[in-house]
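One file, start01.pdb, is given below (PDB, C-alpha atoms).
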```
MODEL        1
ATOM      1  CA  MET A   1     143.829 137.371 128.988
ATOM      2  CA  ARG A   2     140.286 136.056 129.497
ATOM      3  CA  THR A   3     141.148 133.412 132.073
ATOM      4  CA  GLU A   4     137.624 133.301 133.611
ATOM      5  CA  GLN A   5     136.028 132.530 130.233
ATOM      6  CA  TYR A   6     138.518 129.723 129.499
ATOM      7  CA  ILE A   7     137.842 128.173 132.932
ATOM      8  CA  GLU A   8     134.081 128.169 132.225
ATOM      9  CA  GLU A   9     134.603 126.473 128.858
ATOM     10  CA  LEU A  10     136.785 123.754 130.382
ATOM     11  CA  LEU A  11     134.274 123.013 133.170
ATOM     12  CA  TYR A  12     131.809 121.727 130.529
ATOM     13  CA  ARG A  13     134.297 119.011 129.496
ATOM     14  CA  TYR A  14     136.452 118.291 132.561
ATOM     15  CA  ASN A  15     135.817 117.623 136.245
ATOM     16  CA  CYS A  16     138.980 119.430 137.392
ATOM     17  CA  VAL A  17     140.503 122.686 136.128
ATOM     18  CA  VAL A  18     143.727 123.615 137.959
ATOM     19  CA  ILE A  19     145.079 127.145 138.218
ATOM     20  CA  PRO A  20     148.802 126.653 138.930
ATOM     21  CA  GLU A  21     149.954 127.862 142.388
ATOM     22  CA  PHE A  22     146.425 128.996 143.240
ATOM     23  CA  GLY A  23     143.883 126.127 143.416
ATOM     24  CA  ALA A  24     141.458 124.057 141.367
ATOM     25  CA  PHE A  25     137.791 124.222 140.400
ATOM     26  CA  LEU A  26     136.191 120.780 140.857
ATOM     27  CA  THR A  27     132.834 119.509 139.591
ATOM     28  CA  GLN A  28     130.714 116.631 140.874
ATOM     29  CA  LYS A  29     127.628 115.228 139.158
ATOM     30  CA  LYS A  30     124.357 115.543 141.052
ATOM     31  CA  SER A  31     121.263 113.487 140.151
ATOM     32  CA  ALA A  32     117.855 114.985 139.491
ATOM     33  CA  GLU A  33     115.831 115.718 142.596
ATOM     34  CA  LEU A  34     112.384 116.846 143.698
ATOM     35  CA  ASP A  35     111.899 119.459 146.393
ATOM     36  CA  GLU A  36     108.654 118.361 148.069
ATOM     37  CA  ALA A  37     108.318 121.677 149.908
ATOM     38  CA  THR A  38     108.163 123.738 146.700
ATOM     39  CA  ASN A  39     107.224 120.926 144.235
ATOM     40  CA  THR A  40     110.253 121.900 142.147
ATOM     41  CA  PHE A  41     111.913 119.291 139.908
ATOM     42  CA  THR A  42     115.605 119.997 139.239
ATOM     43  CA  PRO A  43     117.382 118.181 136.353
ATOM     44  CA  PRO A  44     120.803 116.500 136.749
ATOM     45  CA  THR A  45     123.600 119.047 137.147
ATOM     46  CA  LYS A  46     127.252 119.605 138.082
ATOM     47  CA  ILE A  47     128.113 121.052 141.490
ATOM     48  CA  VAL A  48     131.175 123.354 141.343
ATOM     49  CA  SER A  49     133.586 123.639 144.302
ATOM     50  CA  PHE A  50     137.097 125.074 144.892
ATOM     51  CA  ASN A  51     140.075 123.347 146.527
ATOM     52  CA  GLN A  52     143.093 125.472 147.456
ATOM     53  CA  GLN A  53     145.270 122.403 148.095
ATOM     54  CA  VAL A  54     145.075 121.181 144.476
ATOM     55  CA  ASN A  55     147.414 123.653 142.773
ATOM     56  CA  SER A  56     149.982 121.588 140.837
ATOM     57  CA  ASN A  57     150.241 122.526 137.177
ATOM     58  CA  ASP A  58     148.753 119.749 135.034
ATOM     59  CA  GLY A  59     149.090 121.806 131.844
ATOM     60  CA  LEU A  60     145.378 121.644 130.947
ATOM     61  CA  LEU A  61     144.475 125.300 131.442
ATOM     62  CA  ILE A  62     147.729 126.705 129.987
ATOM     63  CA  THR A  63     147.582 124.467 126.902
ATOM     64  CA  TYR A  64     143.937 125.380 126.259
ATOM     65  CA  ILE A  65     144.649 129.133 126.561
ATOM     66  CA  ALA A  66     147.744 128.884 124.325
ATOM     67  CA  THR A  67     145.717 127.083 121.633
ATOM     68  CA  ALA A  68     142.835 129.554 121.818
ATOM     69  CA  GLU A  69     145.090 132.634 121.671
ATOM     70  CA  LYS A  70     147.612 131.044 119.283
ATOM     71  CA  SER A  71     150.467 131.583 121.699
ATOM     72  CA  THR A  72     153.158 129.420 123.329
ATOM     73  CA  PHE A  73     153.032 127.459 126.545
ATOM     74  CA  GLU A  74     155.793 129.557 128.181
ATOM     75  CA  VAL A  75     154.209 132.896 127.338
ATOM     76  CA  VAL A  76     150.826 131.857 128.712
ATOM     77  CA  LEU A  77     152.448 130.416 131.864
ATOM     78  CA  GLN A  78     154.228 133.718 132.610
ATOM     79  CA  ALA A  79     151.043 135.731 132.039
ATOM     80  CA  LEU A  80     148.971 133.405 134.239
ATOM     81  CA  THR A  81     151.589 133.509 137.024
ATOM     82  CA  LYS A  82     151.391 137.332 137.134
ATOM     83  CA  GLU A  83     147.574 137.132 137.193
ATOM     84  CA  VAL A  84     147.628 134.682 140.100
ATOM     85  CA  GLU A  85     149.901 136.999 142.095
ATOM     86  CA  HIS A  86     147.437 139.837 141.418
ATOM     87  CA  TRP A  87     144.544 137.697 142.690
ATOM     88  CA  LYS A  88     146.389 136.870 145.888
ATOM     89  CA  ARG A  89     147.043 140.566 146.606
ATOM     90  CA  MET A  90     143.358 141.348 146.050
ATOM     91  CA  LEU A  91     142.315 138.628 148.490
ATOM     92  CA  LYS A  92     144.679 139.906 151.193
ATOM     93  CA  LEU A  93     143.144 143.342 150.811
ATOM     94  CA  GLY A  94     139.710 141.830 151.558
ATOM     95  CA  GLN A  95     138.449 142.047 147.991
ATOM     96  CA  ARG A  96     136.500 139.363 146.159
ATOM     97  CA  ILE A  97     137.495 137.781 142.861
ATOM     98  CA  LYS A  98     134.644 137.000 140.486
ATOM     99  CA  PHE A  99     135.097 134.192 137.945
ATOM    100  CA  GLY A 100     132.291 134.938 135.497
ATOM    101  CA  SER A 101     129.223 132.685 136.052
ATOM    102  CA  VAL A 102     131.269 130.175 138.100
ATOM    103  CA  GLY A 103     131.302 132.057 141.406
ATOM    104  CA  GLU A 104     133.352 134.250 143.725
ATOM    105  CA  LEU A 105     136.490 133.719 145.873
ATOM    106  CA  PHE A 106     137.272 135.508 149.156
ATOM    107  CA  LEU A 107     139.291 135.005 152.367
ATOM    108  CA  ASN A 108     137.665 134.026 155.659
ATOM    109  CA  GLU A 109     138.828 134.963 159.160
ATOM    110  CA  ASP A 110     141.451 132.181 159.077
ATOM    111  CA  GLN A 111     142.880 133.528 155.809
ATOM    112  CA  LYS A 112     141.591 130.509 153.896
ATOM    113  CA  ILE A 113     140.114 130.881 150.445
ATOM    114  CA  GLN A 114     136.350 130.402 150.421
ATOM    115  CA  PHE A 115     134.235 129.793 147.315
ATOM    116  CA  LEU A 116     130.672 131.001 146.766
ATOM    117  CA  PRO A 117     129.154 129.272 143.686
ATOM    118  CA  ALA A 118     126.905 131.347 141.443
ATOM    119  CA  ASN A 119     124.673 128.381 140.436
ATOM    120  CA  GLN A 120     123.671 130.203 137.281
ATOM    121  CA  VAL A 121     124.944 127.716 134.701
ATOM    122  CA  ASN A 122     124.522 123.934 134.490
ATOM    123  CA  TYR A 123     127.884 122.607 133.277
ATOM    124  CA  LEU A 124     126.488 119.101 132.673
ATOM    125  CA  THR A 125     126.259 118.823 128.881
ATOM    126  CA  THR A 126     123.717 115.975 128.974
ATOM    127  CA  SER A 127     121.275 118.351 130.705
ATOM    128  CA  PHE A 128     121.745 121.166 128.212
ATOM    129  CA  GLY A 129     118.557 123.172 127.777
ATOM    130  CA  LEU A 130     116.846 121.678 130.839
ATOM    131  CA  SER A 131     115.662 123.972 133.599
ATOM    132  CA  ALA A 132     113.883 123.548 136.913
ATOM    133  CA  VAL A 133     110.149 122.783 136.662
ATOM    134  CA  VAL A 134     107.511 123.588 139.258
ATOM    135  CA  ALA A 135     104.687 121.019 139.265
ATOM    136  CA  SER A 136     101.241 121.382 140.804
ATOM    137  CA  PRO A 137     100.344 118.721 143.400
ATOM    138  CA  ILE A 138      97.648 116.166 142.537
ATOM    139  CA  SER A 139      94.737 116.042 144.987
ATOM    140  CA  ARG A 140      93.919 112.329 144.772
ATOM    141  CA  GLU A 141      92.235 112.186 148.188
ATOM    142  CA  VAL A 142      89.753 114.940 147.288
ATOM    143  CA  LEU A 143      88.786 113.121 144.083
ATOM    144  CA  LYS A 144      88.204 109.909 146.040
ATOM    145  CA  GLU A 145      85.890 111.730 148.464
ATOM    146  CA  GLU A 146      83.890 113.164 145.543
ATOM    147  CA  VAL A 147      83.433 109.686 144.045
ATOM    148  CA  VAL A 148      82.184 108.309 147.382
ATOM    149  CA  THR A 149      79.755 111.234 147.672
ATOM    150  CA  LEU A 150      78.390 110.565 144.186
ATOM    151  CA  GLU A 151      77.884 106.884 145.013
ATOM    152  CA  GLU A 152      75.801 107.855 148.050
ATOM    153  CA  GLU A 153      73.727 110.538 146.297
ATOM    154  CA  VAL A 154      73.053 108.973 142.900
ATOM    155  CA  PRO A 155      70.279 106.295 143.156
ATOM    156  CA  PHE A 156      70.969 102.874 141.725
ATOM    157  CA  ILE A 157      67.941 102.048 139.533
ATOM    158  CA  ILE A 158      67.597  98.734 137.754
ATOM    159  CA  THR A 159      65.131  98.703 134.883
ATOM    160  CA  PRO A 160      64.209  95.189 133.720
ATOM    161  CA  GLU A 161      64.267  94.658 129.986
ATOM    162  CA  LYS A 162      60.834  94.497 128.356
ATOM    163  CA  ARG A 163      60.390  91.745 125.830
ATOM    164  CA  LYS A 164      58.332  92.440 122.751
ATOM    165  CA  THR A 165      56.315  89.490 121.445
ATOM    166  CA  LYS A 166      53.740  89.142 118.707
ATOM    167  CA  THR A 167      51.055  87.992 121.173
ATOM    168  CA  PHE A 168      51.327  91.125 123.337
ATOM    169  CA  ARG A 169      48.181  92.823 121.947
ATOM    170  CA  PRO A 170      45.871  89.757 122.348
ATOM    171  CA  TYR A 171      46.934  89.561 126.029
ATOM    172  CA  LEU A 172      45.783  93.136 126.502
ATOM    173  CA  LYS A 173      42.446  92.316 124.878
ATOM    174  CA  TYR A 174      41.871  89.366 127.224
ATOM    175  CA  ALA A 175      42.988  91.310 130.271
ATOM    176  CA  ALA A 176      40.631  94.191 129.383
ATOM    177  CA  ILE A 177      37.632  91.812 129.199
ATOM    178  CA  ALA A 178      38.515  90.264 132.580
ATOM    179  CA  LEU A 179      39.007  93.685 134.190
ATOM    180  CA  LEU A 180      35.648  94.899 132.828
ATOM    181  CA  ALA A 181      33.884  91.832 134.216
ATOM    182  CA  ILE A 182      35.368  92.288 137.693
ATOM    183  CA  SER A 183      34.774  96.081 137.864
ATOM    184  CA  THR A 184      31.056  95.785 136.984
ATOM    185  CA  GLY A 185      30.419  93.605 140.037
ATOM    186  CA  LEU A 186      29.256  90.472 138.236
ATOM    187  CA  THR A 187      28.185  87.537 140.262
ATOM    188  CA  GLY A 188      30.309  84.398 140.530
ATOM    189  CA  LEU A 189      28.356  82.684 137.754
ATOM    190  CA  ARG A 190      28.667  85.599 135.353
ATOM    191  CA  TYR A 191      32.385  85.883 136.183
ATOM    192  CA  TYR A 192      32.731  82.150 135.419
ATOM    193  CA  ASN A 193      30.905  82.587 132.101
ATOM    194  CA  THR A 194      33.154  85.532 131.244
ATOM    195  CA  THR A 195      36.260  83.434 131.987
ATOM    196  CA  VAL A 196      34.951  80.672 129.743
ATOM    197  CA  ALA A 197      34.278  83.259 127.031
ATOM    198  CA  ILE A 198      37.862  84.501 127.291
ATOM    199  CA  GLN A 199      39.200  80.967 126.876
ATOM    200  CA  GLU A 200      36.918  80.394 123.881
ATOM    201  CA  ILE A 201      38.114  83.637 122.272
ATOM    202  CA  ALA A 202      41.730  82.639 122.860
ATOM    203  CA  GLN A 203      41.126  79.223 121.332
ATOM    204  CA  GLN A 204      39.273  80.754 118.400
ATOM    205  CA  ASP A 205      42.065  83.267 117.702
ATOM    206  CA  ALA A 206      44.697  80.557 117.954
ATOM    207  CA  GLN A 207      42.671  78.371 115.602
ATOM    208  CA  GLU A 208      42.421  81.222 113.116
ATOM    209  CA  GLN A 209      46.184  81.914 113.302
ATOM    210  CA  ILE A 210      47.024  78.247 112.690
ATOM    211  CA  SER A 211      44.549  77.983 109.800
ATOM    212  CA  ARG A 212      45.889  81.178 108.251
ATOM    213  CA  THR A 213      49.467  79.880 108.487
ATOM    214  CA  ILE A 214      48.529  76.556 106.894
ATOM    215  CA  GLN A 215      46.635  78.279 104.091
ATOM    216  CA  GLU A 216      49.613  80.537 103.330
ATOM    217  CA  ALA A 217      51.952  77.528 103.200
ATOM    218  CA  THR A 218      49.626  75.497 100.875
ATOM    219  CA  PHE A 219      50.270  76.167  97.195
ATOM    220  CA  PHE A 220      48.475  73.375  95.310
ATOM    221  CA  ASP A 221      46.252  71.400  97.688
ATOM    222  CA  THR A 222      43.385  73.668  98.784
ATOM    223  CA  THR A 223      41.420  70.930 100.541
ATOM    224  CA  PRO A 224      40.441  72.216 103.987
ATOM    225  CA  LEU A 225      41.942  70.308 106.893
ATOM    226  CA  GLU A 226      40.170  69.493 110.100
ATOM    227  CA  LEU A 227      42.371  70.507 113.000
ATOM    228  CA  PRO A 228      41.915  69.483 116.617
ATOM    229  CA  SER A 229      41.006  72.137 119.130
ATOM    230  CA  LEU A 230      43.953  73.893 120.714
ATOM    231  CA  SER A 231      44.067  75.243 124.241
ATOM    232  CA  LEU A 232      46.614  77.844 125.299
ATOM    233  CA  ASP A 233      47.739  78.218 128.882
ATOM    234  CA  ILE A 234      49.053  81.730 129.337
ATOM    235  CA  ILE A 235      51.451  81.986 132.254
ATOM    236  CA  ALA A 236      53.135  85.321 132.945
ATOM    237  CA  LYS A 237      56.428  84.783 134.736
ATOM    238  CA  PRO A 238      57.679  87.788 136.691
ATOM    239  CA  ALA A 239      61.198  88.921 135.802
ATOM    240  CA  THR A 240      63.530  88.153 138.684
ATOM    241  CA  GLN A 241      66.995  89.496 139.275
ATOM    242  CA  GLU A 242      69.705  88.554 141.783
ATOM    243  CA  HIS A 243      72.219  91.067 143.134
ATOM    244  CA  TYR A 244      75.589  89.850 144.421
ATOM    245  CA  VAL A 245      78.088  91.851 146.505
ATOM    246  CA  ILE A 246      81.338  90.541 145.010
ATOM    247  CA  ALA A 247      84.244  89.856 147.388
ATOM    248  CA  GLY A 248      86.768  88.750 144.769
ATOM    249  CA  ALA A 249      87.507  86.829 141.579
ATOM    250  CA  PHE A 250      90.080  84.018 141.377
ATOM    251  CA  ARG A 251      91.850  82.268 138.544
ATOM    252  CA  VAL A 252      91.863  78.920 140.440
ATOM    253  CA  GLN A 253      88.580  77.581 141.816
ATOM    254  CA  LYS A 254      90.314  76.140 144.918
ATOM    255  CA  ASN A 255      91.202  79.671 145.948
ATOM    256  CA  ALA A 256      87.595  80.748 145.422
ATOM    257  CA  ASN A 257      86.359  77.880 147.637
ATOM    258  CA  ARG A 258      88.919  78.785 150.281
ATOM    259  CA  LYS A 259      87.648  82.398 150.210
ATOM    260  CA  ILE A 260      84.059  81.209 150.663
ATOM    261  CA  GLU A 261      84.980  79.178 153.758
ATOM    262  CA  GLU A 262      86.889  82.137 155.168
ATOM    263  CA  LEU A 263      83.928  84.507 154.702
ATOM    264  CA  LYS A 264      81.503  82.003 156.227
ATOM    265  CA  LYS A 265      83.688  81.785 159.338
ATOM    266  CA  GLN A 266      83.417  85.583 159.550
ATOM    267  CA  GLY A 267      79.612  85.356 159.558
ATOM    268  CA  TYR A 268      78.808  86.142 155.911
ATOM    269  CA  ASN A 269      76.407  84.146 153.733
ATOM    270  CA  ALA A 270      79.171  83.722 151.179
ATOM    271  CA  LEU A 271      78.480  81.821 147.980
ATOM    272  CA  TYR A 272      80.008  80.920 144.629
ATOM    273  CA  VAL A 273      78.616  83.122 141.811
ATOM    274  CA  GLY A 274      80.212  81.487 138.779
ATOM    275  CA  VAL A 275      82.795  82.148 136.086
ATOM    276  CA  ASN A 276      82.830  85.566 134.386
ATOM    277  CA  LYS A 277      83.782  86.313 130.779
ATOM    278  CA  TYR A 278      87.443  86.568 131.769
ATOM    279  CA  GLY A 279      87.526  83.026 133.142
ATOM    280  CA  LEU A 280      87.674  84.108 136.806
ATOM    281  CA  HIS A 281      85.715  82.372 139.581
ATOM    282  CA  GLN A 282      83.630  84.989 141.422
ATOM    283  CA  VAL A 283      82.841  84.859 145.150
ATOM    284  CA  ALA A 284      80.172  87.011 146.857
ATOM    285  CA  TYR A 285      79.670  88.105 150.455
ATOM    286  CA  ALA A 286      75.916  87.576 150.025
ATOM    287  CA  SER A 287      73.099  87.771 147.460
ATOM    288  CA  PHE A 288      69.933  89.878 147.458
ATOM    289  CA  SER A 289      66.741  89.859 145.434
ATOM    290  CA  ASP A 290      66.123  93.509 146.307
ATOM    291  CA  ALA A 291      68.510  96.044 144.736
ATOM    292  CA  ASN A 292      68.183  98.568 147.586
ATOM    293  CA  GLU A 293      69.150  95.977 150.193
ATOM    294  CA  GLY A 294      72.139  95.001 148.065
ATOM    295  CA  LEU A 295      73.271  98.644 147.829
ATOM    296  CA  LYS A 296      72.963  99.160 151.584
ATOM    297  CA  PHE A 297      75.048  96.043 152.226
ATOM    298  CA  LEU A 298      77.612  97.167 149.622
ATOM    299  CA  GLN A 299      78.068 100.543 151.320
ATOM    300  CA  LYS A 300      78.601  98.761 154.642
ATOM    301  CA  ILE A 301      81.269  96.478 153.153
ATOM    302  CA  LYS A 302      83.076  99.306 151.297
ATOM    303  CA  SER A 303      83.217 101.543 154.373
ATOM    304  CA  GLY A 304      84.331  98.947 156.914
ATOM    305  CA  VAL A 305      85.680  95.816 155.219
ATOM    306  CA  SER A 306      86.919  96.251 151.636
ATOM    307  CA  SER A 307      86.818  99.260 149.305
ATOM    308  CA  ASP A 308      87.199  96.908 146.314
ATOM    309  CA  ALA A 309      83.764  95.305 146.721
ATOM    310  CA  TRP A 310      81.192  95.896 143.963
ATOM    311  CA  LEU A 311      77.625  94.975 143.041
ATOM    312  CA  LEU A 312      76.836  92.423 140.296
ATOM    313  CA  SER A 313      73.231  92.209 139.039
ATOM    314  CA  VAL A 314      72.233  89.076 137.125
ATOM    315  CA  LYS A 315      68.849  88.240 135.562
TER
ENDMDL
END
```
Whole structure given in structure tokens:
Amino acid sequence: MRTEQYIEELLYRYNCVVIPEFGAFLTQKKSAELDEATNTFTPPTKIVSFNQQVNSNDGLLITYIATAEKSTFEVVLQALTKEVEHWKRMLKLGQRIKFGSVGELFLNEDQKIQFLPANQVNYLTTSFGLSAVVASPISREVLKEEVVTLEEEVPFIITPEKRKTKTFRPYLKYAAIALLAISTGLTGLRYYNTTVAIQEIAQQDAQEQISRTIQEATFFDTTPLELPSLSLDIIAKPATQEHYVIAGAFRVQKNANRKIEELKKQGYNALYVGVNKYGLHQVAYASFSDANEGLKFLQKIKSGVSSDAWLLSVK
């Protein structure tokens, strides 16, 4: 009679399998766990134990064997009783009884039955097919150090956008004339005459452009028009850019104002930057017109005050 095999099959479906007048195999569900020492993830399982005190016949094992072997309850009970007596004699002789992949039974010094589980089979059906997985640890701290190193080594270069206009080439022509006059060492009077000549050329070119535009737009009336003289004042405005070391962004402006007051008490030249595209009110520790000064201040804030600070450049 294959009693060990029948016990294994019943352990998949029941938490207690009693062997009459001998003891019972008990199972208890154990949740999934992670062994941090070995980085091993173990799925949910059933822990098998043996209790010698639970030995009353509940009919489960005998009925299952009788159905499997197409026998009667009484015949199976007699056969199992003889097998139990054989197991007890083996234990008294110091031998071990092996129950398939469940485990082994033996007597200790106090003549008590001890159970050594094999831990080879997971009897929890919901975890069928799952095995232990060894995962590699993630080195987040090393990655963070590499990012900080890159921020320190890579230069932060801001290139202002160059605007292309139709009058770019005439400006070069006028600038070339002025540069030629200065480099040749002309006297103050000649330099003045050259400046006047530049203005006259600019007025003449502007007059020609306006006349040409009017002539192109006139379809029927070709009578020439007398236009007043036009003077152009050319002012080149340097491109400026502000750099803000952002301390935070707030949904409510009151909170942004409160943050500004707090930073000012701490000695910062805090200021309100404005609302970004997400509708958040931005607050800065300080502002800088020089990008390098802004980067130096940002590194100081990130290393000693807040790692969440960042640099905003606005034209």
Given the file above and the PyMOL selection byres ((chain A and resi 249-263) around 9), which residues are selected, and can you give them as an mmCIF file with C-alpha atoms, in the coordinates of the input?
```cif
data_model
loop_
_atom_site.group_PDB
_atom_site.id
_atom_site.type_symbol
_atom_site.label_atom_id
_atom_site.label_comp_id
_atom_site.auth_asym_id
_atom_site.auth_seq_id
_atom_site.Cartn_x
_atom_site.Cartn_y
_atom_site.Cartn_z
ATOM 1 C CA ILE A 246 81.338 90.541 145.010
ATOM 2 C CA ALA A 247 84.244 89.856 147.388
ATOM 3 C CA GLY A 248 86.768 88.750 144.769
ATOM 4 C CA LYS A 264 81.503 82.003 156.227
ATOM 5 C CA LYS A 265 83.688 81.785 159.338
ATOM 6 C CA GLN A 266 83.417 85.583 159.550
ATOM 7 C CA GLY A 267 79.612 85.356 159.558
ATOM 8 C CA TYR A 268 78.808 86.142 155.911
ATOM 9 C CA ASN A 269 76.407 84.146 153.733
ATOM 10 C CA ALA A 270 79.171 83.722 151.179
ATOM 11 C CA LEU A 271 78.480 81.821 147.980
ATOM 12 C CA TYR A 272 80.008 80.920 144.629
ATOM 13 C CA VAL A 275 82.795 82.148 136.086
ATOM 14 C CA ASN A 276 82.830 85.566 134.386
ATOM 15 C CA GLY A 279 87.526 83.026 133.142
ATOM 16 C CA LEU A 280 87.674 84.108 136.806
ATOM 17 C CA HIS A 281 85.715 82.372 139.581
ATOM 18 C CA GLN A 282 83.630 84.989 141.422
ATOM 19 C CA VAL A 283 82.841 84.859 145.150
ATOM 20 C CA ALA A 284 80.172 87.011 146.857
ATOM 21 C CA TYR A 285 79.670 88.105 150.455
#
```
**Item:** Resolved residues for the PyMOL selection byres ((chain A and resi 88) around 12) as a PyMOL selection string
**Value:** chain A and resi 21-23+52+81-87+89-97+105-107+111-113
**Request:** Report as a VMD selection string the full result of the PyMOL selection byres ((chain A and resi 119) around 9) when it is applied to this structure.
**Result:** chain A and resid 47 to 48 101 to 103 117 to 118 120 to 122
For C-alpha atoms, I'd like the residues from the last selection saved as an mmCIF file, in the coordinates of the input.
```cif
data_model
loop_
_atom_site.group_PDB
_atom_site.id
_atom_site.type_symbol
_atom_site.label_atom_id
_atom_site.label_comp_id
_atom_site.auth_asym_id
_atom_site.auth_seq_id
_atom_site.Cartn_x
_atom_site.Cartn_y
_atom_site.Cartn_z
ATOM 1 C CA ILE A 47 128.113 121.052 141.490
ATOM 2 C CA VAL A 48 131.175 123.354 141.343
ATOM 3 C CA SER A 101 129.223 132.685 136.052
ATOM 4 C CA VAL A 102 131.269 130.175 138.100
ATOM 5 C CA GLY A 103 131.302 132.057 141.406
ATOM 6 C CA PRO A 117 129.154 129.272 143.686
ATOM 7 C CA ALA A 118 126.905 131.347 141.443
ATOM 8 C CA GLN A 120 123.671 130.203 137.281
ATOM 9 C CA VAL A 121 124.944 127.716 134.701
ATOM 10 C CA ASN A 122 124.522 123.934 134.490
#
```
**Prompt:** Interatomic distance between atom CA of A:Pro43 and atom CA of A:Ser136?
**Reply:**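 Straight-line distance from atom CA of A:Pro43 to atom CA of A:Ser136 works out to 17.0 Å.
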**Request:** Find the residues near A:Lys30: any atom within 7 Å, counting all atoms listed in the file, skip ones fewer than 4 places away on the same chain, and give them as a PyMOL selection string.
**Result:** chain A and resi 44-47
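The spacing separating atom CA of A:Tyr123 from atom CA of A:Thr72 amounts to 28.0 Å.
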**Request:** Figure out the distance between atom CA of A:Leu130 and atom CA of A:Thr40, please, to one decimal in Å.
**Result:**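 It comes out at 13.1 Å.
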Neighbours of A:Leu311 within 12 Å (all atoms listed in the file; same-chain residues fewer than 5 positions away dropped), as a short mmCIF file (atom, residue, chain, number, x, y, z; two decimals) with C-alpha atoms, keeping the file's coordinate frame?
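Produced file out21.cif, reproduced below:
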```
data_model
loop_
_atom_site.label_atom_id
_atom_site.label_comp_id
_atom_site.auth_asym_id
_atom_site.auth_seq_id
_atom_site.Cartn_x
_atom_site.Cartn_y
_atom_site.Cartn_z
CA PHE A 156 70.97 102.87 141.72
CA ILE A 158 67.60 98.73 137.75
CA GLU A 242 69.70 88.55 141.78
CA HIS A 243 72.22 91.07 143.13
CA TYR A 244 75.59 89.85 144.42
CA VAL A 245 78.09 91.85 146.50
CA ILE A 246 81.34 90.54 145.01
CA ALA A 247 84.24 89.86 147.39
CA GLY A 248 86.77 88.75 144.77
CA VAL A 273 78.62 83.12 141.81
CA GLN A 282 83.63 84.99 141.42
CA VAL A 283 82.84 84.86 145.15
CA ALA A 284 80.17 87.01 146.86
CA TYR A 285 79.67 88.10 150.46
CA ALA A 286 75.92 87.58 150.02
CA SER A 287 73.10 87.77 147.46
CA PHE A 288 69.93 89.88 147.46
CA ALA A 291 68.51 96.04 144.74
CA ASN A 292 68.18 98.57 147.59
CA GLU A 293 69.15 95.98 150.19
CA GLY A 294 72.14 95.00 148.06
CA LEU A 295 73.27 98.64 147.83
CA LYS A 296 72.96 99.16 151.58
CA PHE A 297 75.05 96.04 152.23
CA LEU A 298 77.61 97.17 149.62
CA GLN A 299 78.07 100.54 151.32
CA ILE A 301 81.27 96.48 153.15
CA LYS A 302 83.08 99.31 151.30
#
```
